[in-house]
>>> print(open('structure.csv').read())   # CSV, C-alpha atoms
chain,number,residue,atom,x,y,z
A,224,MET,CA,25.2,-4.1,-8.8
A,225,GLU,CA,23.0,-4.8,-11.8
A,226,TYR,CA,19.6,-6.2,-10.9
A,227,ASP,CA,17.2,-8.0,-13.1
A,228,TYR,CA,14.1,-6.1,-12.0
A,229,ASP,CA,10.6,-6.9,-13.3
A,230,PRO,CA,10.1,-4.9,-16.5
A,231,GLU,CA,7.3,-2.9,-15.0
A,232,LEU,CA,9.2,-2.1,-11.8
A,233,ALA,CA,12.6,-1.4,-13.4
A,234,PRO,CA,11.8,2.3,-14.5
A,235,TRP,CA,10.8,3.0,-10.9
A,236,ALA,CA,14.0,1.6,-9.3
A,237,ALA,CA,16.1,4.6,-10.1
A,238,LYS,CA,13.4,7.2,-9.2
A,239,PHE,CA,13.4,6.5,-5.5
A,240,PRO,CA,15.7,8.9,-3.6
A,241,ALA,CA,18.4,7.3,-1.4
A,242,VAL,CA,17.4,7.4,2.2
A,243,ASP,CA,20.3,7.8,4.6
A,244,TYR,CA,19.1,6.6,8.0
A,245,ARG,CA,22.2,8.0,9.7
A,246,ASP,CA,20.6,11.4,9.2
A,247,LEU,CA,17.4,10.4,10.9
A,248,ALA,CA,15.6,13.8,10.6
A,249,ALA,CA,16.2,13.9,6.8
A,250,ALA,CA,15.2,10.2,6.5
A,251,ARG,CA,12.0,10.9,8.3
A,252,THR,CA,11.2,13.8,6.0
A,253,LEU,CA,11.8,11.7,2.9
A,254,LEU,CA,9.7,8.8,4.3
A,255,ARG,CA,6.9,11.2,5.3
A,256,ALA,CA,6.8,12.6,1.8
A,257,ALA,CA,6.6,9.1,0.3
A,258,SER,CA,3.9,8.2,2.7
A,259,ASP,CA,1.8,11.3,2.0
A,260,ASN,CA,2.1,10.9,-1.8
A,261,ALA,CA,1.1,7.3,-1.9
A,262,PRO,CA,-2.2,6.6,-3.8
A,263,ALA,CA,-5.3,6.5,-1.6
A,264,TYR,CA,-7.3,3.3,-1.6
A,265,ARG,CA,-11.0,3.6,-2.2
A,266,PRO,CA,-12.9,0.7,-0.7
A,267,GLU,CA,-15.5,-1.2,-2.7
A,268,HIS,CA,-17.6,-1.7,0.4
A,269,PRO,CA,-18.3,0.7,3.3
A,270,VAL,CA,-15.6,0.5,6.1
A,271,GLU,CA,-16.1,2.4,9.4
A,272,VAL,CA,-12.8,4.0,10.7
A,273,THR,CA,-12.4,5.0,14.3
A,274,ASP,CA,-9.3,6.4,16.1
A,275,ARG,CA,-8.9,5.3,19.8
A,276,THR,CA,-6.4,5.3,22.5
A,277,VAL,CA,-6.2,2.0,24.4
A,278,PRO,CA,-4.3,1.2,27.7
A,279,GLY,CA,-0.6,0.9,27.1
A,280,PRO,CA,2.0,-1.3,28.7
A,281,PRO,CA,2.5,-1.0,32.5
A,282,GLY,CA,4.0,2.4,33.3
A,283,ALA,CA,3.7,3.6,29.7
A,284,PRO,CA,1.3,5.9,27.9
A,285,GLY,CA,-1.8,4.8,26.1
A,286,VAL,CA,-1.4,3.3,22.6
A,287,ALA,CA,-3.1,5.0,19.6
A,288,VAL,CA,-5.0,2.5,17.4
A,289,ARG,CA,-7.1,2.9,14.3
A,290,VAL,CA,-10.0,0.4,13.9
A,291,TYR,CA,-11.3,-0.4,10.5
A,292,GLN,CA,-14.7,-2.2,10.7
A,293,PRO,CA,-16.4,-3.5,7.5
A,294,ALA,CA,-20.0,-2.2,7.6
A,295,GLY,CA,-23.1,-4.2,6.8
A,296,ARG,CA,-21.5,-7.6,7.7
A,297,THR,CA,-23.5,-10.0,9.7
A,298,GLY,CA,-22.1,-12.2,12.5
A,299,LEU,CA,-18.8,-12.0,14.2
A,300,LEU,CA,-15.8,-11.1,12.0
A,301,PRO,CA,-12.1,-12.1,12.3
A,302,ALA,CA,-9.6,-9.4,13.5
A,303,LEU,CA,-6.2,-8.6,12.1
A,304,LEU,CA,-3.7,-6.6,14.2
A,305,TYR,CA,-1.6,-4.9,11.5
A,306,LEU,CA,1.7,-3.3,12.1
A,307,ARG,CA,3.3,-0.6,9.9
A,308,TRP,CA,6.6,-0.5,8.1
A,309,GLY,CA,9.2,2.2,8.9
A,310,GLY,CA,12.5,0.5,10.1
A,311,PHE,CA,11.4,0.8,13.7
A,312,VAL,CA,12.0,4.6,13.5
A,313,PHE,CA,9.3,6.1,11.4
A,314,GLY,CA,5.5,6.2,10.9
A,315,ASP,CA,2.2,6.6,12.6
A,316,LEU,CA,-1.4,5.6,11.9
A,317,ASP,CA,-1.5,7.5,8.7
A,318,SER,CA,1.5,5.7,7.2
A,319,ILE,CA,-0.5,2.5,6.3
A,320,HIS,CA,-4.0,3.9,6.3
A,321,SER,CA,-4.7,2.8,2.7
A,322,THR,CA,-3.2,-0.6,3.3
A,323,ALA,CA,-5.3,-1.2,6.5
A,324,LEU,CA,-8.4,0.1,4.6
A,325,ARG,CA,-7.7,-2.3,1.7
A,326,LEU,CA,-7.3,-5.3,4.0
A,327,ALA,CA,-10.5,-4.6,6.0
A,328,ASP,CA,-12.4,-4.2,2.7
A,329,ARG,CA,-11.0,-7.1,0.8
A,330,VAL,CA,-10.4,-9.6,3.6
A,331,GLY,CA,-13.6,-8.8,5.5
A,332,ALA,CA,-11.9,-8.5,8.8
A,333,VAL,CA,-11.8,-5.9,11.6
A,334,VAL,CA,-8.3,-4.4,11.2
A,335,VAL,CA,-6.6,-2.8,14.2
A,336,SER,CA,-3.7,-0.6,13.1
A,337,VAL,CA,-1.3,0.1,16.0
A,338,GLY,CA,0.5,3.5,16.5
A,339,TYR,CA,3.5,2.0,18.3
A,340,ARG,CA,6.3,4.2,19.5
A,341,ASN,CA,9.3,4.8,17.3
A,342,ALA,CA,13.0,4.3,18.1
A,343,PRO,CA,15.5,5.7,19.0
A,344,GLU,CA,13.4,7.9,21.3
A,345,HIS,CA,11.6,4.7,22.4
A,346,PRO,CA,13.9,1.7,21.7
A,347,TYR,CA,13.1,-2.0,22.2
A,348,PRO,CA,10.9,-3.2,23.8
A,349,ALA,CA,8.6,-0.1,23.6
A,350,ALA,CA,7.2,-0.9,20.1
A,351,LEU,CA,6.7,-4.6,20.9
A,352,PHE,CA,5.0,-4.0,24.3
A,353,ASP,CA,2.7,-1.4,22.6
A,354,CYS,CA,1.7,-4.0,20.1
A,355,TYR,CA,1.1,-6.6,22.8
A,356,ALA,CA,-1.1,-4.1,24.7
A,357,ALA,CA,-3.1,-3.5,21.6
A,358,LEU,CA,-3.5,-7.3,21.1
A,359,GLU,CA,-4.7,-7.7,24.7
A,360,TRP,CA,-7.2,-4.8,24.2
A,361,THR,CA,-8.5,-6.4,20.9
A,362,ALA,CA,-9.0,-9.8,22.6
A,363,ARG,CA,-10.6,-8.2,25.7
A,364,ASN,CA,-13.0,-6.1,23.7
A,365,ALA,CA,-13.8,-8.6,21.0
A,366,GLY,CA,-17.5,-8.4,21.7
A,367,GLU,CA,-17.7,-4.6,21.4
A,368,LEU,CA,-15.7,-4.8,18.2
A,369,GLY,CA,-17.9,-7.5,16.6
A,370,VAL,CA,-14.9,-9.9,16.6
A,371,ASP,CA,-14.7,-13.6,17.0
A,372,PRO,CA,-12.0,-14.0,19.8
A,373,ASP,CA,-11.0,-17.3,18.2
A,374,ARG,CA,-10.1,-15.7,14.9
A,375,ILE,CA,-7.5,-13.0,15.7
A,376,GLY,CA,-4.4,-12.8,13.6
A,377,VAL,CA,-1.4,-10.5,13.3
A,378,GLY,CA,0.5,-9.2,10.4
A,379,GLY,CA,2.9,-6.4,9.2
A,380,GLU,CA,5.3,-5.1,6.7
A,381,SER,CA,9.1,-4.8,7.0
A,382,ALA,CA,9.7,-3.7,10.6
A,383,GLY,CA,6.1,-4.4,11.3
A,384,GLY,CA,6.5,-7.9,10.0
A,385,GLY,CA,9.3,-8.4,12.5
A,386,LEU,CA,7.2,-7.0,15.2
A,387,ALA,CA,4.3,-9.3,14.2
A,388,ALA,CA,6.7,-12.3,14.4
A,389,ALA,CA,7.9,-11.2,17.8
A,390,LEU,CA,4.4,-10.6,19.0
A,391,THR,CA,3.4,-14.3,18.3
A,392,LEU,CA,6.5,-15.4,20.3
A,393,LEU,CA,5.6,-13.0,23.2
A,394,ALA,CA,2.0,-14.1,23.3
A,395,ARG,CA,3.0,-17.8,23.3
A,396,ASP,CA,5.5,-17.4,26.0
A,397,ARG,CA,3.3,-15.2,28.2
A,398,GLY,CA,0.2,-17.4,27.7
A,399,GLY,CA,-1.5,-14.3,26.3
A,400,PRO,CA,-4.2,-13.9,23.7
A,401,ARG,CA,-4.2,-16.7,21.2
A,402,THR,CA,-3.5,-15.7,17.6
A,403,VAL,CA,-4.6,-18.0,14.7
A,404,PHE,CA,-2.4,-16.6,11.9
A,405,GLN,CA,0.6,-14.5,11.2
A,406,CYS,CA,1.2,-12.7,7.9
A,407,LEU,CA,4.8,-11.5,7.5
A,408,PHE,CA,5.4,-9.2,4.6
A,409,GLN,CA,9.1,-8.8,3.8
A,410,PRO,CA,9.8,-9.0,7.6
A,411,GLU,CA,12.8,-7.5,9.3
A,412,LEU,CA,13.9,-10.3,11.6
A,413,ASP,CA,17.6,-10.5,12.0
A,414,ASP,CA,20.0,-7.9,13.4
A,415,ARG,CA,23.1,-10.0,12.4
A,416,LEU,CA,22.8,-9.1,8.7
A,417,ASP,CA,24.9,-12.1,7.8
A,418,THR,CA,22.7,-13.7,5.1
A,419,LEU,CA,23.8,-13.5,1.4
A,420,SER,CA,21.1,-11.0,0.6
A,421,ALA,CA,21.9,-8.8,3.6
A,422,ARG,CA,25.6,-8.7,2.6
A,423,SER,CA,25.1,-8.2,-1.1
A,424,PHE,CA,22.3,-5.7,-1.5
A,425,THR,CA,24.0,-2.4,-0.7
A,426,ASP,CA,22.4,-0.2,-3.3
A,427,THR,CA,18.9,-1.6,-3.8
A,428,PRO,CA,15.9,0.9,-3.8
A,429,LYS,CA,14.1,1.9,-0.6
A,430,TRP,CA,16.1,-0.5,1.6
A,431,ASN,CA,19.7,-1.6,1.6
A,432,ARG,CA,22.3,-3.0,4.0
A,433,ALA,CA,23.2,0.5,5.4
A,434,GLY,CA,19.6,1.2,6.2
A,435,ALA,CA,19.1,-2.1,7.9
A,436,ARG,CA,22.2,-1.6,10.0
A,437,SER,CA,21.1,1.9,11.1
A,438,SER,CA,17.6,0.6,11.8
A,439,TRP,CA,18.8,-2.1,14.2
A,440,GLN,CA,21.2,0.3,15.9
A,441,TYR,CA,18.3,2.7,16.7
A,442,TYR,CA,15.9,-0.1,17.8
A,443,LEU,CA,18.5,-1.8,20.1
A,444,THR,CA,19.7,1.4,21.7
A,445,GLY,CA,20.4,0.7,25.4
A,446,THR,CA,19.8,-3.1,24.9
A,447,ALA,CA,22.7,-4.5,23.0
A,448,GLU,CA,25.0,-3.9,20.1
A,449,PRO,CA,23.5,-5.3,16.9
A,450,GLY,CA,25.1,-8.6,15.9
A,451,SER,CA,26.3,-9.3,19.4
A,452,GLY,CA,25.2,-12.4,21.4
A,453,ALA,CA,23.2,-10.2,23.8
A,454,VAL,CA,20.4,-9.4,21.4
A,455,PRO,CA,17.2,-11.0,22.7
A,456,ALA,CA,15.0,-13.1,20.5
A,457,LEU,CA,12.0,-10.9,21.1
A,458,ALA,CA,13.9,-8.1,19.5
A,459,ALA,CA,15.2,-10.1,16.6
A,460,PRO,CA,12.9,-13.2,16.1
A,461,ALA,CA,15.4,-14.9,13.8
A,462,ARG,CA,17.3,-15.6,17.0
A,463,ALA,CA,14.5,-17.6,18.6
A,464,GLU,CA,15.6,-21.1,19.2
A,465,ASP,CA,12.1,-22.7,19.6
A,466,LEU,CA,9.4,-21.8,17.1
A,467,ARG,CA,7.0,-24.6,18.1
A,468,GLY,CA,3.5,-23.6,19.0
A,469,LEU,CA,3.3,-20.5,16.9
A,470,PRO,CA,0.3,-19.8,14.6
A,471,PRO,CA,0.3,-20.7,11.0
A,472,ALA,CA,2.2,-18.3,8.8
A,473,PHE,CA,2.3,-16.7,5.4
A,474,VAL,CA,5.8,-15.2,4.6
A,475,MET,CA,6.3,-13.0,1.6
A,476,VAL,CA,9.8,-11.9,0.4
A,477,CYS,CA,11.1,-9.8,-2.5
A,478,GLU,CA,14.1,-11.0,-4.6
A,479,PHE,CA,16.2,-7.9,-4.5
A,480,ASP,CA,15.7,-7.1,-0.8
A,481,PRO,CA,18.3,-7.4,1.9
A,482,LEU,CA,15.6,-9.0,4.1
A,483,ARG,CA,14.9,-11.7,1.5
A,484,ASP,CA,17.0,-14.5,3.0
A,485,GLU,CA,16.2,-14.0,6.6
A,486,GLY,CA,12.5,-14.3,5.7
A,487,ILE,CA,13.2,-17.5,3.7
A,488,VAL,CA,15.2,-19.0,6.6
A,489,TYR,CA,12.6,-18.1,9.1
A,490,ALA,CA,9.8,-19.6,7.0
A,491,HIS,CA,11.9,-22.8,6.7
A,492,ARG,CA,12.4,-22.9,10.4
A,493,LEU,CA,8.7,-22.5,11.1
A,494,ILE,CA,8.0,-25.5,8.8
A,495,GLN,CA,10.7,-27.5,10.5
A,496,ALA,CA,9.1,-26.7,13.9
A,497,GLY,CA,5.7,-28.1,12.7
A,498,VAL,CA,4.1,-24.7,12.0
A,499,ARG,CA,1.9,-24.7,8.9
A,500,THR,CA,3.7,-22.2,6.7
A,501,GLU,CA,3.4,-20.8,3.1
A,502,LEU,CA,6.4,-19.0,1.6
A,503,SER,CA,6.1,-16.8,-1.4
A,504,HIS,CA,9.1,-15.3,-3.2
A,505,TYR,CA,8.5,-12.6,-5.9
A,506,PRO,CA,11.1,-12.5,-8.6
A,507,GLY,CA,12.2,-9.1,-9.9
A,508,THR,CA,10.8,-7.2,-7.0
A,509,PHE,CA,12.6,-5.0,-4.4
A,510,HIS,CA,11.6,-3.8,-0.9
A,511,GLY,CA,8.4,-1.9,-1.0
A,512,SER,CA,7.7,-2.4,-4.7
A,513,VAL,CA,4.2,-3.6,-3.7
A,514,ALA,CA,3.3,0.1,-3.6
A,515,ILE,CA,3.9,0.4,-7.4
A,516,ASP,CA,1.0,-0.2,-9.8
A,517,ALA,CA,2.4,-3.3,-11.6
A,518,GLU,CA,1.1,-6.7,-12.3
A,519,ILE,CA,3.4,-8.5,-9.9
A,520,SER,CA,2.5,-6.0,-7.2
A,521,ARG,CA,-1.1,-6.6,-7.7
A,522,ARG,CA,-0.4,-10.3,-7.5
A,523,MET,CA,1.4,-9.8,-4.2
A,524,ILE,CA,-1.6,-8.0,-2.8
A,525,ALA,CA,-4.0,-10.6,-4.1
A,526,ASP,CA,-1.9,-13.4,-2.5
A,527,GLN,CA,-1.8,-11.6,0.8
A,528,VAL,CA,-5.6,-11.1,0.8
A,529,HIS,CA,-6.1,-14.8,-0.1
A,530,ALA,CA,-3.8,-16.0,2.6
A,531,LEU,CA,-5.5,-13.8,5.2
A,532,ARG,CA,-9.0,-15.0,4.2
A,533,GLN,CA,-7.9,-18.6,4.6
A,534,GLY,CA,-5.9,-18.1,7.8
A,535,LEU,CA,-8.6,-16.0,9.5
A,536,ARG,CA,-11.4,-18.1,8.1
A,537,ALA,CA,-13.0,-14.9,6.8
>>> encode(input="structure.csv", output="structure tokens")
Amino acid sequence: MEYDYDPELAPWAAKFPAVDYRDLAAARTLLRAASDNAPAYRPEHPVEVTDRTVPGPPGAPGVAVRVYQPAGRTGLLPALLYLRWGGFVFGDLDSIHSTALRLADRVGAVVVSVGYRNAPEHPYPAALFDCYAALEWTARNAGELGVDPDRIGVGGESAGGGLAAALTLLARDRGGPRTVFQCLFQPELDDRLDTLSARSFTDTPKWNRAGARSSWQYYLTGTAEPGSGAVPALAAPARAEDLRGLPPAFVMVCEFDPLRDEGIVYAHRLIQAGVRTELSHYPGTFHGSVAIDAEISRRMIADQVHALRQGLRA
């Protein structure tokens, strides 16, 4: 297909190597190279970074977290549990180090990045339960972290955005730690892949229909066949019937992204459920184009920071 990319992004669209998620080892190698070569963020203010291992879900190993604490701030700060991209199959704490550092610096929040387990070695619900364990730890240790327990939010990108949405559902249903905000950046929410964007975008950069299909197959290994009626809502939040009682949301979608329409539909459903929600659609962008130094990418970052400051009362 021909795509009307933003003029600054267009030259980059053809430069990204195709990632075939069916060959998982090769896909992980490509994604690792992209992650390692990403520009490093240099904070404007001091941020203390600490790696820790926190108690994991019952019967599971501990969960690695990386805590980013803005230095020299007075009073309690909000906290943001931030979950990485990677199609449920790739990544670790280093994958979004610069992003987490930037958010801690610009938002003025304690950011907890979660090293959740990857599928298919650890399929659903391993990643979600790891994230929930990290959320419980953050709330339980708010005093030690210098965090206001009434200002804890969650967020994430792509698969991490889907996990963040699922985490708010799980916390609500379990009566767990209260979250005050959710920031869903191009979230992966729906295994059915039956929206117009999911059906149409078969050759878009970084993420396409084939990649999405493989991602869900890996994540749902041993649970259900993607697209079947047996897929639980905590795996694919777009399937949740009741969105009432969830925290306010900021949902960000890219025009030429298979995930575009599921993000838009989910935002509309949140609004209809009485959840205060802001939806931003960025024309001319594709999945992951926020990593490119372009005006619209800088605007996406600025919008995310602004929304988090408001939602976390930072």
>>> closest_atom_pairs(input="structure.csv", of="range 297-375 of chain A", to="range 441-456 of chain A", cutoff="6 Å", atoms="all atoms listed in the file", output="Markdown table")
| residue | atom | partner | partner_atom | distance |
| --- | --- | --- | --- | --- |
| A:Ala342 | CA | A:Tyr442 | CA | 5.3 |
| A:Pro343 | CA | A:Tyr441 | CA | 4.7 |
| A:Pro346 | CA | A:Tyr442 | CA | 4.7 |
| A:Tyr347 | CA | A:Tyr442 | CA | 5.6 |
>>> closest_residue(input="structure.csv", among="A:Pro281, A:Gly369, A:Gly511, A:Gly383", to="Asp315 in chain A", atoms="only C-alpha atoms")
A:Gly383
>>> closest_residue(input="structure.csv", among="A:Tyr244, A:Tyr228, A:Tyr489, A:Phe352", to="Asn431 in chain A", atoms="all atoms listed in the file")
A:Tyr244
>>> residues_around(input="structure.csv", residues="Cys406 in chain A", least_positions_apart="3", cutoff="7 Å", atoms="only C-alpha atoms", output="mmCIF file with C-alpha atoms, in the frame of the given file")
data_model
loop_
_atom_site.group_PDB
_atom_site.id
_atom_site.type_symbol
_atom_site.label_atom_id
_atom_site.label_comp_id
_atom_site.auth_asym_id
_atom_site.auth_seq_id
_atom_site.Cartn_x
_atom_site.Cartn_y
_atom_site.Cartn_z
ATOM 1 C CA VAL A 377 -1.400 -10.500 13.300
ATOM 2 C CA GLY A 378 0.500 -9.200 10.400
ATOM 3 C CA GLY A 379 2.900 -6.400 9.200
ATOM 4 C CA ALA A 472 2.200 -18.300 8.800
ATOM 5 C CA PHE A 473 2.300 -16.700 5.400
ATOM 6 C CA VAL A 474 5.800 -15.200 4.600
#
>>> residues_around(input="structure.csv", residues="Gly310 in chain A", least_positions_apart="5", cutoff="10 Å", atoms="only C-alpha atoms", output="VMD selection string")
chain A and resid 244 341 to 342 380 to 383 385 411 430 434 to 439 441 to 442
>>> closest_residue(input="structure.csv", among="A:Asp526, A:Asp516, A:Glu501, A:Glu485", to="Leu232 in chain A", atoms="all atoms listed in the file")
A:Asp516
>>> residues_around(input="structure.csv", residues="range 518-524 of chain A", least_positions_apart="6", cutoff="9 Å", atoms="all atoms listed in the file", output="ChimeraX atom specification")
/A:229,231-232,475,503,505-508,512
>>> residues_around(input="structure.csv", residues="Arg265 in chain A", least_positions_apart="4", cutoff="12 Å", atoms="only C-alpha atoms", output="ChimeraX atom specification")
/A:269-270,320-329
>>> atom_distance(input="structure.csv", atom1="CA of Asp371 in chain A", atom2="CA of Val334 in chain A")
12.6 Å
>>> atom_distance(input="structure.csv", atom1="CA of Arg462 in chain A", atom2="CA of Leu412 in chain A")
8.3 Å
>>> atom_distance(input="structure.csv", atom1="CA of Leu299 in chain A", atom2="CA of Val370 in chain A")
5.0 Å
>>> closest_residue(input="structure.csv", among="A:Pro400, A:Phe408, A:Tyr226, A:Gln495", to="Phe424 in chain A", atoms="all atoms listed in the file")
A:Tyr226
>>> closest_residue(input="structure.csv", among="A:Ala357, A:Val528, A:Leu254, A:Val333", to="Arg275 in chain A", atoms="only C-alpha atoms")
A:Ala357
>>> closest_residue(input="structure.csv", among="A:Gly282, A:Pro301, A:Gly468, A:Pro293", to="Gly376 in chain A", atoms="all atoms listed in the file")
A:Pro301
>>> axis_aligned_box(input="structure.csv", around="range 355-374 of chain A", padding_each_side="3 Å", output="lines of an AutoDock Vina configuration file")
center_x = -8.4
center_y = -10.4
center_z = 20.3
size_x = 25.0
size_y = 19.8
size_z = 16.8
>>> residues_around(input="structure.csv", residues="Pro280 in chain A", least_positions_apart="4", cutoff="10 Å", atoms="only C-alpha atoms", output="short mmCIF file (atom, residue, chain, number, x, y, z; two decimals) with C-alpha atoms, keeping the file's coordinate frame")
data_model
loop_
_atom_site.label_atom_id
_atom_site.label_comp_id
_atom_site.auth_asym_id
_atom_site.auth_seq_id
_atom_site.Cartn_x
_atom_site.Cartn_y
_atom_site.Cartn_z
CA PRO A 284 1.30 5.90 27.90
CA GLY A 285 -1.80 4.80 26.10
CA VAL A 286 -1.40 3.30 22.60
CA ALA A 349 8.60 -0.10 23.60
CA LEU A 351 6.70 -4.60 20.90
CA PHE A 352 5.00 -4.00 24.30
CA ASP A 353 2.70 -1.40 22.60
CA CYS A 354 1.70 -4.00 20.10
CA TYR A 355 1.10 -6.60 22.80
CA ALA A 356 -1.10 -4.10 24.70
CA ALA A 357 -3.10 -3.50 21.60
#
>>> residues_near_point(input="structure.csv", point="(3.2, 5.5, 6.3)", cutoff="10 Å", atoms="only C-alpha atoms", output="PyMOL selection string")
chain A and resi 254-261+307-309+313-322
>>> residues_near_point(input="structure.csv", point="(12.8, -17.2, 25.6)", cutoff="12 Å", atoms="all atoms listed in the file", output="mmCIF file with C-alpha atoms, in the frame of the given file")
data_model
loop_
_atom_site.group_PDB
_atom_site.id
_atom_site.type_symbol
_atom_site.label_atom_id
_atom_site.label_comp_id
_atom_site.auth_asym_id
_atom_site.auth_seq_id
_atom_site.Cartn_x
_atom_site.Cartn_y
_atom_site.Cartn_z
ATOM 1 C CA ALA A 389 7.900 -11.200 17.800
ATOM 2 C CA LEU A 392 6.500 -15.400 20.300
ATOM 3 C CA LEU A 393 5.600 -13.000 23.200
ATOM 4 C CA ALA A 394 2.000 -14.100 23.300
ATOM 5 C CA ARG A 395 3.000 -17.800 23.300
ATOM 6 C CA ASP A 396 5.500 -17.400 26.000
ATOM 7 C CA ARG A 397 3.300 -15.200 28.200
ATOM 8 C CA VAL A 454 20.400 -9.400 21.400
ATOM 9 C CA PRO A 455 17.200 -11.000 22.700
ATOM 10 C CA ALA A 456 15.000 -13.100 20.500
ATOM 11 C CA LEU A 457 12.000 -10.900 21.100
ATOM 12 C CA ALA A 458 13.900 -8.100 19.500
ATOM 13 C CA ALA A 459 15.200 -10.100 16.600
ATOM 14 C CA PRO A 460 12.900 -13.200 16.100
ATOM 15 C CA ARG A 462 17.300 -15.600 17.000
ATOM 16 C CA ALA A 463 14.500 -17.600 18.600
ATOM 17 C CA GLU A 464 15.600 -21.100 19.200
ATOM 18 C CA ASP A 465 12.100 -22.700 19.600
ATOM 19 C CA LEU A 466 9.400 -21.800 17.100
#
